[in-house]
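Undergrad: Data: coords.cif, mmCIF, C-alpha atoms.
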data_protein
#
loop_
_atom_site.group_PDB
_atom_site.id
_atom_site.type_symbol
_atom_site.label_atom_id
_atom_site.label_comp_id
_atom_site.auth_asym_id
_atom_site.auth_seq_id
_atom_site.Cartn_x
_atom_site.Cartn_y
_atom_site.Cartn_z
ATOM 1 C CA MET A 1 -6.972 14.718 -33.589
ATOM 2 C CA ASP A 2 -6.631 13.524 -29.982
ATOM 3 C CA THR A 3 -3.011 13.828 -28.861
ATOM 4 C CA LYS A 4 -3.550 12.912 -25.197
ATOM 5 C CA PRO A 5 -1.542 9.912 -24.020
ATOM 6 C CA HIS A 6 -3.674 6.863 -23.372
ATOM 7 C CA PHE A 7 -3.320 5.470 -19.906
ATOM 8 C CA ILE A 8 -5.289 3.489 -17.398
ATOM 9 C CA ARG A 9 -6.434 5.530 -14.414
ATOM 10 C CA PRO A 10 -5.434 4.258 -10.950
ATOM 11 C CA CYS A 11 -9.056 3.573 -9.983
ATOM 12 C CA THR A 12 -9.403 1.399 -13.079
ATOM 13 C CA ARG A 13 -6.273 -0.538 -12.150
ATOM 14 C CA VAL A 14 -7.604 -1.187 -8.651
ATOM 15 C CA TRP A 15 -10.976 -2.224 -10.071
ATOM 16 C CA LEU A 16 -9.301 -4.587 -12.543
ATOM 17 C CA ALA A 17 -7.243 -6.137 -9.736
ATOM 18 C CA LEU A 18 -10.422 -6.609 -7.705
ATOM 19 C CA MET A 19 -12.087 -8.306 -10.674
ATOM 20 C CA VAL A 20 -9.112 -10.638 -11.196
ATOM 21 C CA LEU A 21 -9.144 -11.627 -7.518
ATOM 22 C CA THR A 22 -12.901 -12.163 -7.683
ATOM 23 C CA LEU A 23 -12.525 -14.386 -10.752
ATOM 24 C CA ILE A 24 -9.824 -16.410 -8.985
ATOM 25 C CA THR A 25 -12.111 -16.925 -5.997
ATOM 26 C CA PHE A 26 -15.018 -17.826 -8.284
ATOM 27 C CA ALA A 27 -12.881 -20.317 -10.211
ATOM 28 C CA ILE A 28 -11.780 -21.986 -6.979
ATOM 29 C CA GLY A 29 -15.394 -22.261 -5.859
ATOM 30 C CA GLU A 30 -16.602 -23.643 -9.182
ATOM 31 C CA SER A 31 -13.810 -26.203 -9.366
ATOM 32 C CA GLY A 32 -15.013 -27.817 -6.145
ATOM 33 C CA LEU A 33 -11.647 -27.631 -4.421
ATOM 34 C CA GLY A 34 -11.567 -27.858 -0.649
ATOM 35 C CA GLY A 35 -9.263 -28.117 2.301
ATOM 36 C CA THR A 36 -7.368 -25.837 4.594
ATOM 37 C CA ALA A 37 -4.976 -24.536 1.934
ATOM 38 C CA VAL A 38 -7.837 -23.589 -0.376
ATOM 39 C CA MET A 39 -9.699 -21.906 2.491
ATOM 40 C CA LEU A 40 -6.606 -19.880 3.334
ATOM 41 C CA ILE A 41 -6.171 -18.839 -0.308
ATOM 42 C CA VAL A 42 -9.796 -17.717 -0.590
ATOM 43 C CA LEU A 43 -9.639 -15.910 2.758
ATOM 44 C CA GLY A 44 -6.347 -14.303 1.726
ATOM 45 C CA THR A 45 -7.793 -12.986 -1.520
ATOM 46 C CA ALA A 46 -10.811 -11.644 0.371
ATOM 47 C CA THR A 47 -8.487 -9.901 2.826
ATOM 48 C CA ILE A 48 -6.502 -8.315 0.015
ATOM 49 C CA LYS A 49 -9.719 -7.140 -1.630
ATOM 50 C CA VAL A 50 -10.960 -5.557 1.623
ATOM 51 C CA GLU A 51 -7.663 -3.720 2.046
ATOM 52 C CA MET A 52 -7.778 -2.466 -1.548
ATOM 53 C CA VAL A 53 -11.339 -1.190 -1.172
ATOM 54 C CA ALA A 54 -10.619 0.416 2.209
ATOM 55 C CA ASN A 55 -7.384 2.085 1.146
ATOM 56 C CA TYR A 56 -8.434 3.246 -2.286
ATOM 57 C CA PHE A 57 -12.204 3.554 -2.639
ATOM 58 C CA MET A 58 -12.927 4.468 0.999
ATOM 59 C CA GLY A 59 -9.957 6.837 0.988
ATOM 60 C CA LEU A 60 -8.280 5.386 4.083
ATOM 61 C CA GLY A 61 -4.946 5.282 2.283
ATOM 62 C CA HIS A 62 -4.658 9.054 2.745
ATOM 63 C CA THR A 63 -5.839 9.320 6.349
ATOM 64 C CA ARG A 64 -4.065 9.209 9.672
ATOM 65 C CA TRP A 65 -2.739 5.857 10.873
ATOM 66 C CA LEU A 66 -5.438 5.691 13.569
ATOM 67 C CA TRP A 67 -8.255 5.134 11.063
ATOM 68 C CA ARG A 68 -6.234 2.733 8.952
ATOM 69 C CA GLY A 69 -5.231 0.877 12.125
ATOM 70 C CA ILE A 70 -8.856 0.550 13.230
ATOM 71 C CA MET A 71 -9.785 -0.908 9.859
ATOM 72 C CA LEU A 72 -6.768 -3.212 9.821
ATOM 73 C CA GLY A 73 -7.491 -4.377 13.382
ATOM 74 C CA TRP A 74 -11.099 -5.156 12.470
ATOM 75 C CA LEU A 75 -9.951 -7.056 9.396
ATOM 76 C CA ILE A 76 -7.403 -9.087 11.357
ATOM 77 C CA LEU A 77 -10.003 -9.881 14.027
ATOM 78 C CA VAL A 78 -12.629 -11.056 11.551
ATOM 79 C CA THR A 79 -10.119 -13.026 9.478
ATOM 80 C CA SER A 80 -8.722 -14.689 12.591
ATOM 81 C CA LEU A 81 -12.172 -15.635 13.880
ATOM 82 C CA ILE A 82 -13.149 -17.138 10.532
ATOM 83 C CA THR A 83 -9.899 -19.117 10.409
ATOM 84 C CA ILE A 84 -10.328 -20.389 13.980
ATOM 85 C CA ALA A 85 -13.939 -21.369 13.335
ATOM 86 C CA TYR A 86 -12.929 -23.271 10.201
ATOM 87 C CA LEU A 87 -10.002 -25.041 11.848
ATOM 88 C CA LYS A 88 -12.173 -26.133 14.801
ATOM 89 C CA THR A 89 -14.531 -27.944 12.432
ATOM 90 C CA VAL A 90 -11.785 -29.773 10.522
#
Please go through the file and, once you have read it, give me the structure as structure tokens.
TA:
Amino acid sequence: MDTKPHFIRPCTRVWLALMVLTLITFAIGESGLGGTAVMLIVLGTATIKVEMVANYFMGLGHTRWLWRGIMLGWLILVTSLITIAYLKTV
């Protein structure tokens, strides 16, 4: 008989969180919602997903701050440029 405790591995938890965020984004897209608030929510979920992938699956969560800072700086730059481009068209 198997006496090991049943638990969810950390990588499975991160993957499940990524799937939930993806489903939220998909649901927003399928519902046809629009506007600045919706754009910020979708961009925010994408940003969270990038951070989760970078920190956990790319292993940047266990590296020196320099590499995490480079990734965070790139993410802030891209997110800011997307937000500015969207707001200029509204």
Undergrad: Just the residues within 12 Å of range 36-49 of chain A, please, counting all atoms listed in the file, with nothing from its chain fewer than 2 positions along; format it as JSON, numbers by chain.
TA: {"A": [14, 15, 16, 17, 18, 19, 20, 21, 22, 23, 24, 25, 26, 27, 28, 29, 31, 32, 33, 34, 51, 52, 53, 54, 55, 56, 57, 71, 72, 73, 74, 75, 76, 77, 78, 79, 80, 81, 82, 83, 84, 85, 86, 87, 88, 89, 90]}
Undergrad: Find the distance between CA of Arg9 in chain A and CA of Leu60 in chain A and write it in Å to one decimal.
TA: 18.6 Å
Undergrad: Work out how far apart CA of Arg68 in chain A and CA of Cys11 in chain A are and give it in Å to one decimal.
TA: 19.2 Å
Undergrad: Report the distance between CA of Leu66 in chain A and CA of Val50 in chain A in Å, rounded to one decimal place.
TA: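 Between these atoms lies a distance of 17.3 Å.
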Undergrad: Box time for range 27-44 of chain A: axis-aligned, enclosing all its listed atoms, 8 Å extra on each side; report centre and edge lengths in Å to one decimal, as lines of an AutoDock Vina configuration file.
TA:
center_x = -10.8
center_y = -21.2
center_z = -2.8
size_x = 27.6
size_y = 29.8
size_z = 30.8
Undergrad: Is there a way to complete range 48-74 of chain A with N, CA, C and O atoms and then write that out as a CSV table (one decimal), in the frame of the given file?
TA:
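Output (out-v7.csv):
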chain,number,residue,atom,x,y,z
A,48,ILE,N,-7.2,-9.3,0.9
A,48,ILE,CA,-6.5,-8.3,0.0
A,48,ILE,C,-7.5,-7.4,-0.6
A,48,ILE,O,-7.3,-6.2,-0.7
A,49,LYS,N,-8.7,-8.0,-1.0
A,49,LYS,CA,-9.7,-7.1,-1.6
A,49,LYS,C,-10.3,-6.1,-0.6
A,49,LYS,O,-10.5,-4.9,-1.0
A,50,VAL,N,-10.5,-6.5,0.6
A,50,VAL,CA,-11.0,-5.6,1.6
A,50,VAL,C,-10.0,-4.4,1.8
A,50,VAL,O,-10.4,-3.2,1.9
A,51,GLU,N,-8.7,-4.7,1.9
A,51,GLU,CA,-7.7,-3.7,2.0
A,51,GLU,C,-7.6,-2.8,0.9
A,51,GLU,O,-7.5,-1.6,1.0
A,52,MET,N,-7.8,-3.3,-0.4
A,52,MET,CA,-7.8,-2.5,-1.5
A,52,MET,C,-9.0,-1.5,-1.5
A,52,MET,O,-8.8,-0.3,-1.8
A,53,VAL,N,-10.1,-2.0,-1.2
A,53,VAL,CA,-11.3,-1.2,-1.2
A,53,VAL,C,-11.2,-0.1,-0.1
A,53,VAL,O,-11.5,1.0,-0.3
A,54,ALA,N,-10.7,-0.5,1.1
A,54,ALA,CA,-10.6,0.4,2.2
A,54,ALA,C,-9.6,1.5,1.9
A,54,ALA,O,-9.9,2.7,2.1
A,55,ASN,N,-8.4,1.1,1.4
A,55,ASN,CA,-7.4,2.1,1.1
A,55,ASN,C,-7.7,3.0,0.0
A,55,ASN,O,-7.4,4.2,0.0
A,56,TYR,N,-8.3,2.4,-1.1
A,56,TYR,CA,-8.4,3.2,-2.3
A,56,TYR,C,-9.8,3.9,-2.4
A,56,TYR,O,-10.0,5.1,-2.4
A,57,PHE,N,-10.9,3.0,-2.4
A,57,PHE,CA,-12.2,3.6,-2.6
A,57,PHE,C,-12.8,4.2,-1.4
A,57,PHE,O,-13.6,5.1,-1.6
A,58,MET,N,-12.4,3.8,-0.2
A,58,MET,CA,-12.9,4.5,1.0
A,58,MET,C,-12.0,5.6,1.4
A,58,MET,O,-12.3,6.4,2.3
A,59,GLY,N,-10.9,5.7,0.7
A,59,GLY,CA,-10.0,6.8,1.0
A,59,GLY,C,-9.1,6.7,2.2
A,59,GLY,O,-8.5,7.7,2.7
A,60,LEU,N,-9.1,5.5,2.9
A,60,LEU,CA,-8.3,5.4,4.1
A,60,LEU,C,-6.8,5.4,3.8
A,60,LEU,O,-6.0,5.5,4.8
A,61,GLY,N,-6.4,5.2,2.6
A,61,GLY,CA,-4.9,5.3,2.3
A,61,GLY,C,-4.3,6.7,2.5
A,61,GLY,O,-3.1,6.8,2.6
A,62,HIS,N,-5.2,7.7,2.6
A,62,HIS,CA,-4.7,9.1,2.7
A,62,HIS,C,-5.1,9.7,4.1
A,62,HIS,O,-5.0,10.9,4.2
A,63,THR,N,-5.5,8.8,5.0
A,63,THR,CA,-5.8,9.3,6.3
A,63,THR,C,-4.8,9.0,7.4
A,63,THR,O,-3.7,8.4,7.1
A,64,ARG,N,-5.0,9.5,8.6
A,64,ARG,CA,-4.1,9.2,9.7
A,64,ARG,C,-4.0,7.7,10.0
A,64,ARG,O,-5.0,7.0,9.7
A,65,TRP,N,-2.9,7.3,10.6
A,65,TRP,CA,-2.7,5.9,10.9
A,65,TRP,C,-3.8,5.3,11.8
A,65,TRP,O,-4.2,4.1,11.7
A,66,LEU,N,-4.4,6.1,12.6
A,66,LEU,CA,-5.4,5.7,13.6
A,66,LEU,C,-6.6,5.0,12.8
A,66,LEU,O,-7.0,3.9,13.2
A,67,TRP,N,-7.1,5.7,11.8
A,67,TRP,CA,-8.3,5.1,11.1
A,67,TRP,C,-7.9,3.9,10.3
A,67,TRP,O,-8.6,2.9,10.2
A,68,ARG,N,-6.7,3.9,9.7
A,68,ARG,CA,-6.2,2.7,9.0
A,68,ARG,C,-6.0,1.6,9.9
A,68,ARG,O,-6.3,0.4,9.6
A,69,GLY,N,-5.5,1.9,11.1
A,69,GLY,CA,-5.2,0.9,12.1
A,69,GLY,C,-6.5,0.3,12.6
A,69,GLY,O,-6.6,-1.0,12.9
A,70,ILE,N,-7.6,1.1,12.8
A,70,ILE,CA,-8.9,0.6,13.2
A,70,ILE,C,-9.4,-0.4,12.2
A,70,ILE,O,-9.8,-1.5,12.5
A,71,MET,N,-9.3,0.0,10.9
A,71,MET,CA,-9.8,-0.9,9.9
A,71,MET,C,-8.9,-2.2,9.8
A,71,MET,O,-9.5,-3.3,9.6
A,72,LEU,N,-7.6,-2.1,9.9
A,72,LEU,CA,-6.8,-3.2,9.8
A,72,LEU,C,-7.0,-4.1,11.0
A,72,LEU,O,-7.0,-5.4,10.9
A,73,GLY,N,-7.2,-3.6,12.2
A,73,GLY,CA,-7.5,-4.4,13.4
A,73,GLY,C,-8.8,-5.1,13.2
A,73,GLY,O,-8.9,-6.3,13.6
A,74,TRP,N,-9.8,-4.5,12.7
A,74,TRP,CA,-11.1,-5.2,12.5
A,74,TRP,C,-10.9,-6.3,11.5
A,74,TRP,O,-11.4,-7.4,11.7
